[in-house]
Amino acid sequence: MAALLKELRFPVPWGQLAAKAWGPREGRPILCLHGWQDNANTFDRLIPLLPQENHYVALDFSGHGLSSHMPPGLRYQHLDYVTDVHRVVTAMGWKKFSIVGHSMGGVIGGLFASTFPKSVGQLILLDSYGFFPVVTDILRTHLEVAIIHYCRIETTNKPKVYTTEAALQRLLEANSALTPESGKLLVQRGTKAVPGGVTFSRDIRVTMNNATPLSLEQCLEIMKNIQASVQIVLAGDGLPMDLTRGAYSDIGQKLINGYKEVLKERCQVTMINGNHFVHLNEPEKVAEIIKGQLQENCHLHSHL
């Protein structure tokens with residue numbers, strides 16, 4: 001089992017970004033990015049199943065887990081999380097690394113790999129397509145809804161206090177794909193003690209969907225910058241199932257087609273049984289795919 005190296009802290013103008021690290025510092029660097037409203041503990045069961053010689057760093061995005069909340073009056077955008085990644089890898093001195101991203105973390109990984117293509121050797125997407133296009137019908141109301149929501153929570157931002165058990169139950173009610181064991185891991189890092197119990201530590205402002213308002217066409221254009229190999233691992237009862245209805249019904253397939261057109265043999269897509277949190281609920285299903293991808297990439301670079 002990979003030993004937890006230590007908790008990491010990176011200073012930012014409003015506080016700190018938190019992360020946790022496994023494996024030897026001199027090992028191959030792999031950055032792990034969690035999903036929307038989750039935290040670095042989402043990788044606690046997966047990383048011990050991966051090659052032990054690598055150096056894994058799982059980040060808490062701003063406003064999540066143990067990372068500081070952004071200053072009052074600001075909102076969180078996907079590009080802010082891309083900036084979080086840039087700050088952290090710069091602080092660690094990483095010139096080239098791999099990204100493992102779940103859900104929103106995969107989207108941030110895709111945006112980062114497109115923005116800094118020379119920095120990312122591999123992009124492994126766990127139930128994520130690496131981009132989240134905002135379709136035209138939704139874009140028409142996206143900004144209005146976002147502004148109204150932010151103004152509302154700014155005046156009602158009083159965290160609710162729970163017992164630890166009640167906090168877990170609340171999380172499970174909001175995320176039916178989580179098992180109780182998986183939920184406990186997220187609650188451990190996602191709550192903080194206060195008088196009378198615990199509150200969720202994530203900033204209430206992150207509960208608003210803050211996807212960068214890019215169209216499908218813009219995402220496909222940005223995708224062309226990616227130089228990394230891309231492994232997409234989709235859960236049969238996860239994101240593909242969620243995107244079979246309404247305006248988003250064919251978005252996933254169009255993104256996959258875009259990857260294959262641009263990256264050709266550098267893009268692989270694997271479907272596995274499980275739900276959106278299969279990497280946490282049943283990590284052994286995901287671990288073998290990631291190990292194979294990491295090993296394949298090592299062989300590729302050893303012959304270059």
# chains A, B, ... in the order shown; residues from 1 in each chain; ligands from 1
$ closest_atom_pairs --of "region 44-109 of chain A" --to "region 219-228 of chain A" --cutoff "12 Å" --atoms "only C-alpha atoms" --output "tab-separated table"
residue	atom	partner	partner_atom	distance
A:Lys96	CA	A:Ala228	CA	10.4
A:Phe97	CA	A:Ala228	CA	9.9
A:Ser98	CA	A:Ala228	CA	8.6
A:Ile99	CA	A:Ala228	CA	9.7
A:Val107	CA	A:Cys219	CA	10.7
A:Gly109	CA	A:Ile226	CA	10.6
$ write_last_selection --atoms "N, CA and C atoms" --output "PDB file, in the first residue's frame"
ATOM      1  N   LYS A  96       6.802  18.351 -16.424  1.00  0.00           N
ATOM      2  CA  LYS A  96       5.965  17.418 -17.186  1.00  0.00           C
ATOM      3  C   LYS A  96       5.349  16.429 -16.221  1.00  0.00           C
ATOM      4  N   PHE A  97       4.053  16.192 -16.328  1.00  0.00           N
ATOM      5  CA  PHE A  97       3.376  15.321 -15.386  1.00  0.00           C
ATOM      6  C   PHE A  97       2.127  14.752 -16.036  1.00  0.00           C
ATOM      7  N   SER A  98       1.516  13.806 -15.355  1.00  0.00           N
ATOM      8  CA  SER A  98       0.257  13.224 -15.802  1.00  0.00           C
ATOM      9  C   SER A  98      -0.873  13.729 -14.924  1.00  0.00           C
ATOM     10  N   ILE A  99      -2.080  13.703 -15.453  1.00  0.00           N
ATOM     11  CA  ILE A  99      -3.270  14.124 -14.712  1.00  0.00           C
ATOM     12  C   ILE A  99      -4.272  12.977 -14.689  1.00  0.00           C
ATOM     13  N   VAL A 107     -12.540  17.742 -16.333  1.00  0.00           N
ATOM     14  CA  VAL A 107     -12.757  18.950 -17.135  1.00  0.00           C
ATOM     15  C   VAL A 107     -11.618  19.942 -16.912  1.00  0.00           C
ATOM     16  N   GLY A 109      -8.669  19.127 -15.950  1.00  0.00           N
ATOM     17  CA  GLY A 109      -7.521  18.508 -16.592  1.00  0.00           C
ATOM     18  C   GLY A 109      -7.496  18.749 -18.089  1.00  0.00           C
TER      19      GLY A 109
END
$ select_by_dssp --residues "region 198-294 of chain A" --states "helix (DSSP H, G or I)" --output "mmCIF file with N, CA, C and O atoms, in the first residue's frame"
data_model
loop_
_atom_site.group_PDB
_atom_site.id
_atom_site.type_symbol
_atom_site.label_atom_id
_atom_site.label_comp_id
_atom_site.auth_asym_id
_atom_site.auth_seq_id
_atom_site.Cartn_x
_atom_site.Cartn_y
_atom_site.Cartn_z
ATOM 1 N N ILE A 204 -20.003 27.446 0.145
ATOM 2 C CA ILE A 204 -21.346 27.332 -0.426
ATOM 3 C C ILE A 204 -21.391 27.841 -1.859
ATOM 4 O O ILE A 204 -22.202 27.402 -2.673
ATOM 5 N N ARG A 205 -20.473 28.739 -2.207
ATOM 6 C CA ARG A 205 -20.467 29.288 -3.565
ATOM 7 C C ARG A 205 -20.096 28.259 -4.627
ATOM 8 O O ARG A 205 -20.427 28.439 -5.803
ATOM 9 N N VAL A 206 -19.414 27.172 -4.248
ATOM 10 C CA VAL A 206 -19.046 26.176 -5.254
ATOM 11 C C VAL A 206 -20.240 25.318 -5.650
ATOM 12 O O VAL A 206 -20.156 24.554 -6.625
ATOM 13 N N THR A 207 -21.351 25.429 -4.931
ATOM 14 C CA THR A 207 -22.520 24.631 -5.278
ATOM 15 C C THR A 207 -23.185 25.112 -6.555
ATOM 16 O O THR A 207 -24.019 24.412 -7.127
ATOM 17 N N LEU A 216 -19.853 23.691 -27.734
ATOM 18 C CA LEU A 216 -19.239 22.458 -28.203
ATOM 19 C C LEU A 216 -18.168 22.756 -29.247
ATOM 20 O O LEU A 216 -17.064 22.184 -29.209
ATOM 21 N N GLU A 217 -18.475 23.653 -30.160
ATOM 22 C CA GLU A 217 -17.526 23.995 -31.218
ATOM 23 C C GLU A 217 -16.236 24.578 -30.637
ATOM 24 O O GLU A 217 -15.129 24.264 -31.094
ATOM 25 N N GLN A 218 -16.370 25.418 -29.613
ATOM 26 C CA GLN A 218 -15.183 25.996 -28.980
ATOM 27 C C GLN A 218 -14.370 24.926 -28.257
ATOM 28 O O GLN A 218 -13.136 24.931 -28.306
ATOM 29 N N CYS A 219 -15.051 23.993 -27.583
ATOM 30 C CA CYS A 219 -14.346 22.909 -26.904
ATOM 31 C C CYS A 219 -13.571 22.051 -27.906
ATOM 32 O O CYS A 219 -12.416 21.681 -27.659
ATOM 33 N N LEU A 220 -14.195 21.733 -29.022
ATOM 34 C CA LEU A 220 -13.533 20.917 -30.031
ATOM 35 C C LEU A 220 -12.331 21.638 -30.630
ATOM 36 O O LEU A 220 -11.327 21.010 -30.989
ATOM 37 N N GLU A 221 -12.412 22.952 -30.720
ATOM 38 C CA GLU A 221 -11.291 23.724 -31.245
ATOM 39 C C GLU A 221 -10.143 23.759 -30.242
ATOM 40 O O GLU A 221 -8.973 23.554 -30.596
ATOM 41 N N ILE A 222 -10.464 24.003 -28.955
ATOM 42 C CA ILE A 222 -9.432 24.038 -27.918
ATOM 43 C C ILE A 222 -8.760 22.681 -27.777
ATOM 44 O O ILE A 222 -7.548 22.581 -27.539
ATOM 45 N N MET A 223 -9.537 21.624 -27.938
ATOM 46 C CA MET A 223 -9.040 20.255 -27.818
ATOM 47 C C MET A 223 -7.851 19.986 -28.737
ATOM 48 O O MET A 223 -6.983 19.170 -28.424
ATOM 49 N N LEU A 239 -21.764 9.062 -16.083
ATOM 50 C CA LEU A 239 -21.975 10.229 -16.932
ATOM 51 C C LEU A 239 -22.646 9.909 -18.266
ATOM 52 O O LEU A 239 -23.554 10.636 -18.689
ATOM 53 N N PRO A 240 -22.248 8.835 -18.977
ATOM 54 C CA PRO A 240 -22.938 8.555 -20.248
ATOM 55 C C PRO A 240 -24.434 8.391 -20.081
ATOM 56 O O PRO A 240 -25.224 8.824 -20.923
ATOM 57 N N MET A 241 -24.843 7.761 -18.965
ATOM 58 C CA MET A 241 -26.267 7.589 -18.710
ATOM 59 C C MET A 241 -26.939 8.936 -18.478
ATOM 60 O O MET A 241 -28.047 9.192 -18.940
ATOM 61 N N ASP A 242 -26.238 9.843 -17.773
ATOM 62 C CA ASP A 242 -26.800 11.159 -17.481
ATOM 63 C C ASP A 242 -26.967 12.004 -18.741
ATOM 64 O O ASP A 242 -27.779 12.926 -18.780
ATOM 65 N N GLY A 246 -32.334 14.893 -23.362
ATOM 66 C CA GLY A 246 -32.404 16.339 -23.539
ATOM 67 C C GLY A 246 -31.306 16.916 -24.400
ATOM 68 O O GLY A 246 -30.756 16.281 -25.291
ATOM 69 N N ALA A 247 -30.969 18.177 -24.110
ATOM 70 C CA ALA A 247 -30.060 18.942 -24.956
ATOM 71 C C ALA A 247 -28.669 18.335 -25.020
ATOM 72 O O ALA A 247 -27.935 18.548 -25.984
ATOM 73 N N TYR A 248 -28.276 17.560 -24.002
ATOM 74 C CA TYR A 248 -26.925 17.020 -23.949
ATOM 75 C C TYR A 248 -26.830 15.596 -24.503
ATOM 76 O O TYR A 248 -25.797 14.951 -24.376
ATOM 77 N N ILE A 251 -23.724 14.984 -26.741
ATOM 78 C CA ILE A 251 -22.508 15.750 -26.472
ATOM 79 C C ILE A 251 -21.307 14.837 -26.251
ATOM 80 O O ILE A 251 -20.219 15.047 -26.798
ATOM 81 N N GLY A 252 -21.482 13.803 -25.414
ATOM 82 C CA GLY A 252 -20.373 12.921 -25.091
ATOM 83 C C GLY A 252 -19.776 12.276 -26.327
ATOM 84 O O GLY A 252 -18.551 12.243 -26.494
ATOM 85 N N GLN A 253 -20.626 11.756 -27.206
ATOM 86 C CA GLN A 253 -20.119 11.091 -28.404
ATOM 87 C C GLN A 253 -19.412 12.070 -29.327
ATOM 88 O O GLN A 253 -18.394 11.737 -29.939
ATOM 89 N N LYS A 254 -19.919 13.294 -29.413
ATOM 90 C CA LYS A 254 -19.262 14.292 -30.261
ATOM 91 C C LYS A 254 -17.880 14.652 -29.712
ATOM 92 O O LYS A 254 -16.940 14.861 -30.476
ATOM 93 N N LEU A 255 -17.753 14.717 -28.390
ATOM 94 C CA LEU A 255 -16.442 14.994 -27.802
ATOM 95 C C LEU A 255 -15.478 13.841 -28.055
ATOM 96 O O LEU A 255 -14.306 14.044 -28.399
ATOM 97 N N ILE A 256 -15.955 12.608 -27.884
ATOM 98 C CA ILE A 256 -15.109 11.441 -28.155
ATOM 99 C C ILE A 256 -14.674 11.426 -29.614
ATOM 100 O O ILE A 256 -13.498 11.173 -29.936
ATOM 101 N N ASN A 257 -15.608 11.721 -30.520
ATOM 102 C CA ASN A 257 -15.261 11.773 -31.942
ATOM 103 C C ASN A 257 -14.195 12.840 -32.192
ATOM 104 O O ASN A 257 -13.298 12.656 -33.020
ATOM 105 N N GLY A 258 -14.303 13.956 -31.461
ATOM 106 C CA GLY A 258 -13.316 15.022 -31.599
ATOM 107 C C GLY A 258 -11.933 14.565 -31.166
ATOM 108 O O GLY A 258 -10.938 14.813 -31.856
ATOM 109 N N TYR A 259 -11.868 13.874 -30.015
ATOM 110 C CA TYR A 259 -10.584 13.343 -29.547
ATOM 111 C C TYR A 259 -9.978 12.404 -30.591
ATOM 112 O O TYR A 259 -8.785 12.482 -30.907
ATOM 113 N N LYS A 260 -10.795 11.485 -31.094
ATOM 114 C CA LYS A 260 -10.287 10.480 -32.026
ATOM 115 C C LYS A 260 -9.807 11.119 -33.322
ATOM 116 O O LYS A 260 -8.817 10.671 -33.920
ATOM 117 N N GLU A 261 -10.491 12.154 -33.752
ATOM 118 C CA GLU A 261 -10.087 12.840 -34.980
ATOM 119 C C GLU A 261 -8.759 13.566 -34.785
ATOM 120 O O GLU A 261 -7.889 13.555 -35.669
ATOM 121 N N VAL A 262 -8.598 14.197 -33.628
ATOM 122 C CA VAL A 262 -7.398 14.996 -33.373
ATOM 123 C C VAL A 262 -6.233 14.122 -32.906
ATOM 124 O O VAL A 262 -5.099 14.255 -33.385
ATOM 125 N N LEU A 263 -6.498 13.224 -31.936
ATOM 126 C CA LEU A 263 -5.425 12.468 -31.296
ATOM 127 C C LEU A 263 -5.186 11.107 -31.935
ATOM 128 O O LEU A 263 -4.129 10.514 -31.731
ATOM 129 N N LYS A 264 -6.198 10.604 -32.644
ATOM 130 C CA LYS A 264 -6.121 9.300 -33.304
ATOM 131 C C LYS A 264 -5.765 8.213 -32.291
ATOM 132 O O LYS A 264 -6.472 8.026 -31.323
ATOM 133 N N GLU A 265 -4.630 7.497 -32.495
ATOM 134 C CA GLU A 265 -4.308 6.376 -31.617
ATOM 135 C C GLU A 265 -3.913 6.814 -30.215
ATOM 136 O O GLU A 265 -3.774 5.995 -29.309
ATOM 137 N N ARG A 266 -3.722 8.130 -29.989
ATOM 138 C CA ARG A 266 -3.380 8.621 -28.650
ATOM 139 C C ARG A 266 -4.606 8.737 -27.750
ATOM 140 O O ARG A 266 -4.485 9.116 -26.591
ATOM 141 N N VAL A 278 -17.382 5.078 -9.420
ATOM 142 C CA VAL A 278 -16.803 3.733 -9.465
ATOM 143 C C VAL A 278 -15.334 3.753 -9.040
ATOM 144 O O VAL A 278 -14.845 2.793 -8.433
ATOM 145 N N HIS A 279 -14.615 4.843 -9.294
ATOM 146 C CA HIS A 279 -13.202 4.922 -8.901
ATOM 147 C C HIS A 279 -13.029 4.894 -7.390
ATOM 148 O O HIS A 279 -11.968 4.516 -6.880
ATOM 149 N N LEU A 280 -14.056 5.286 -6.652
ATOM 150 C CA LEU A 280 -14.029 5.315 -5.197
ATOM 151 C C LEU A 280 -14.759 4.117 -4.604
ATOM 152 O O LEU A 280 -14.303 3.526 -3.623
ATOM 153 N N ASN A 281 -15.889 3.734 -5.213
ATOM 154 C CA ASN A 281 -16.661 2.604 -4.716
ATOM 155 C C ASN A 281 -16.003 1.268 -5.034
ATOM 156 O O ASN A 281 -15.985 0.353 -4.203
ATOM 157 N N PRO A 283 -12.590 0.692 -6.728
ATOM 158 C CA PRO A 283 -11.390 1.214 -7.376
ATOM 159 C C PRO A 283 -10.606 0.177 -8.172
ATOM 160 O O PRO A 283 -9.873 0.537 -9.097
ATOM 161 N N GLU A 284 -10.759 -1.108 -7.831
ATOM 162 C CA GLU A 284 -10.012 -2.133 -8.554
ATOM 163 C C GLU A 284 -10.398 -2.182 -10.029
ATOM 164 O O GLU A 284 -9.581 -2.544 -10.888
ATOM 165 N N LYS A 285 -11.625 -1.781 -10.365
ATOM 166 C CA LYS A 285 -12.063 -1.774 -11.762
ATOM 167 C C LYS A 285 -11.337 -0.708 -12.575
ATOM 168 O O LYS A 285 -11.095 -0.878 -13.764
ATOM 169 N N VAL A 286 -10.996 0.370 -11.916
ATOM 170 C CA VAL A 286 -10.335 1.493 -12.582
ATOM 171 C C VAL A 286 -8.820 1.341 -12.544
ATOM 172 O O VAL A 286 -8.118 1.697 -13.498
ATOM 173 N N ALA A 287 -8.314 0.768 -11.454
ATOM 174 C CA ALA A 287 -6.861 0.716 -11.233
ATOM 175 C C ALA A 287 -6.136 -0.024 -12.346
ATOM 176 O O ALA A 287 -5.075 0.415 -12.811
ATOM 177 N N GLU A 288 -6.677 -1.147 -12.801
ATOM 178 C CA GLU A 288 -5.999 -1.938 -13.833
ATOM 179 C C GLU A 288 -5.883 -1.162 -15.138
ATOM 180 O O GLU A 288 -4.875 -1.250 -15.840
ATOM 181 N N ILE A 289 -6.897 -0.385 -15.460
ATOM 182 C CA ILE A 289 -6.873 0.414 -16.687
ATOM 183 C C ILE A 289 -5.811 1.499 -16.579
ATOM 184 O O ILE A 289 -5.030 1.728 -17.510
ATOM 185 N N ILE A 290 -5.771 2.176 -15.433
ATOM 186 C CA ILE A 290 -4.789 3.245 -15.241
ATOM 187 C C ILE A 290 -3.373 2.679 -15.255
ATOM 188 O O ILE A 290 -2.471 3.243 -15.890
ATOM 189 N N LYS A 291 -3.162 1.550 -14.587
ATOM 190 C CA LYS A 291 -1.830 0.939 -14.567
ATOM 191 C C LYS A 291 -1.376 0.593 -15.979
ATOM 192 O O LYS A 291 -0.212 0.824 -16.341
ATOM 193 N N GLY A 292 -2.290 0.050 -16.771
ATOM 194 C CA GLY A 292 -1.951 -0.281 -18.145
ATOM 195 C C GLY A 292 -1.593 0.944 -18.954
ATOM 196 O O GLY A 292 -0.645 0.938 -19.745
ATOM 197 N N GLN A 293 -2.338 2.025 -18.749
ATOM 198 C CA GLN A 293 -2.080 3.262 -19.480
ATOM 199 C C GLN A 293 -0.740 3.868 -19.061
ATOM 200 O O GLN A 293 0.035 4.325 -19.908
ATOM 201 N N LEU A 294 -0.450 3.875 -17.779
ATOM 202 C CA LEU A 294 0.816 4.427 -17.301
ATOM 203 C C LEU A 294 1.996 3.618 -17.826
ATOM 204 O O LEU A 294 3.020 4.162 -18.238
#
$ atom_distance --atom1 "CA of Val120 (chain A)" --atom2 "CA of Ile30 (chain A)"
9.7 Å
$ residues_around --residues "Gly274 (chain A)" --least-positions-apart "2" --cutoff "8 Å" --atoms "only C-alpha atoms" --output "PyMOL selection string"
chain A and resi 235-238+272+276-278+282
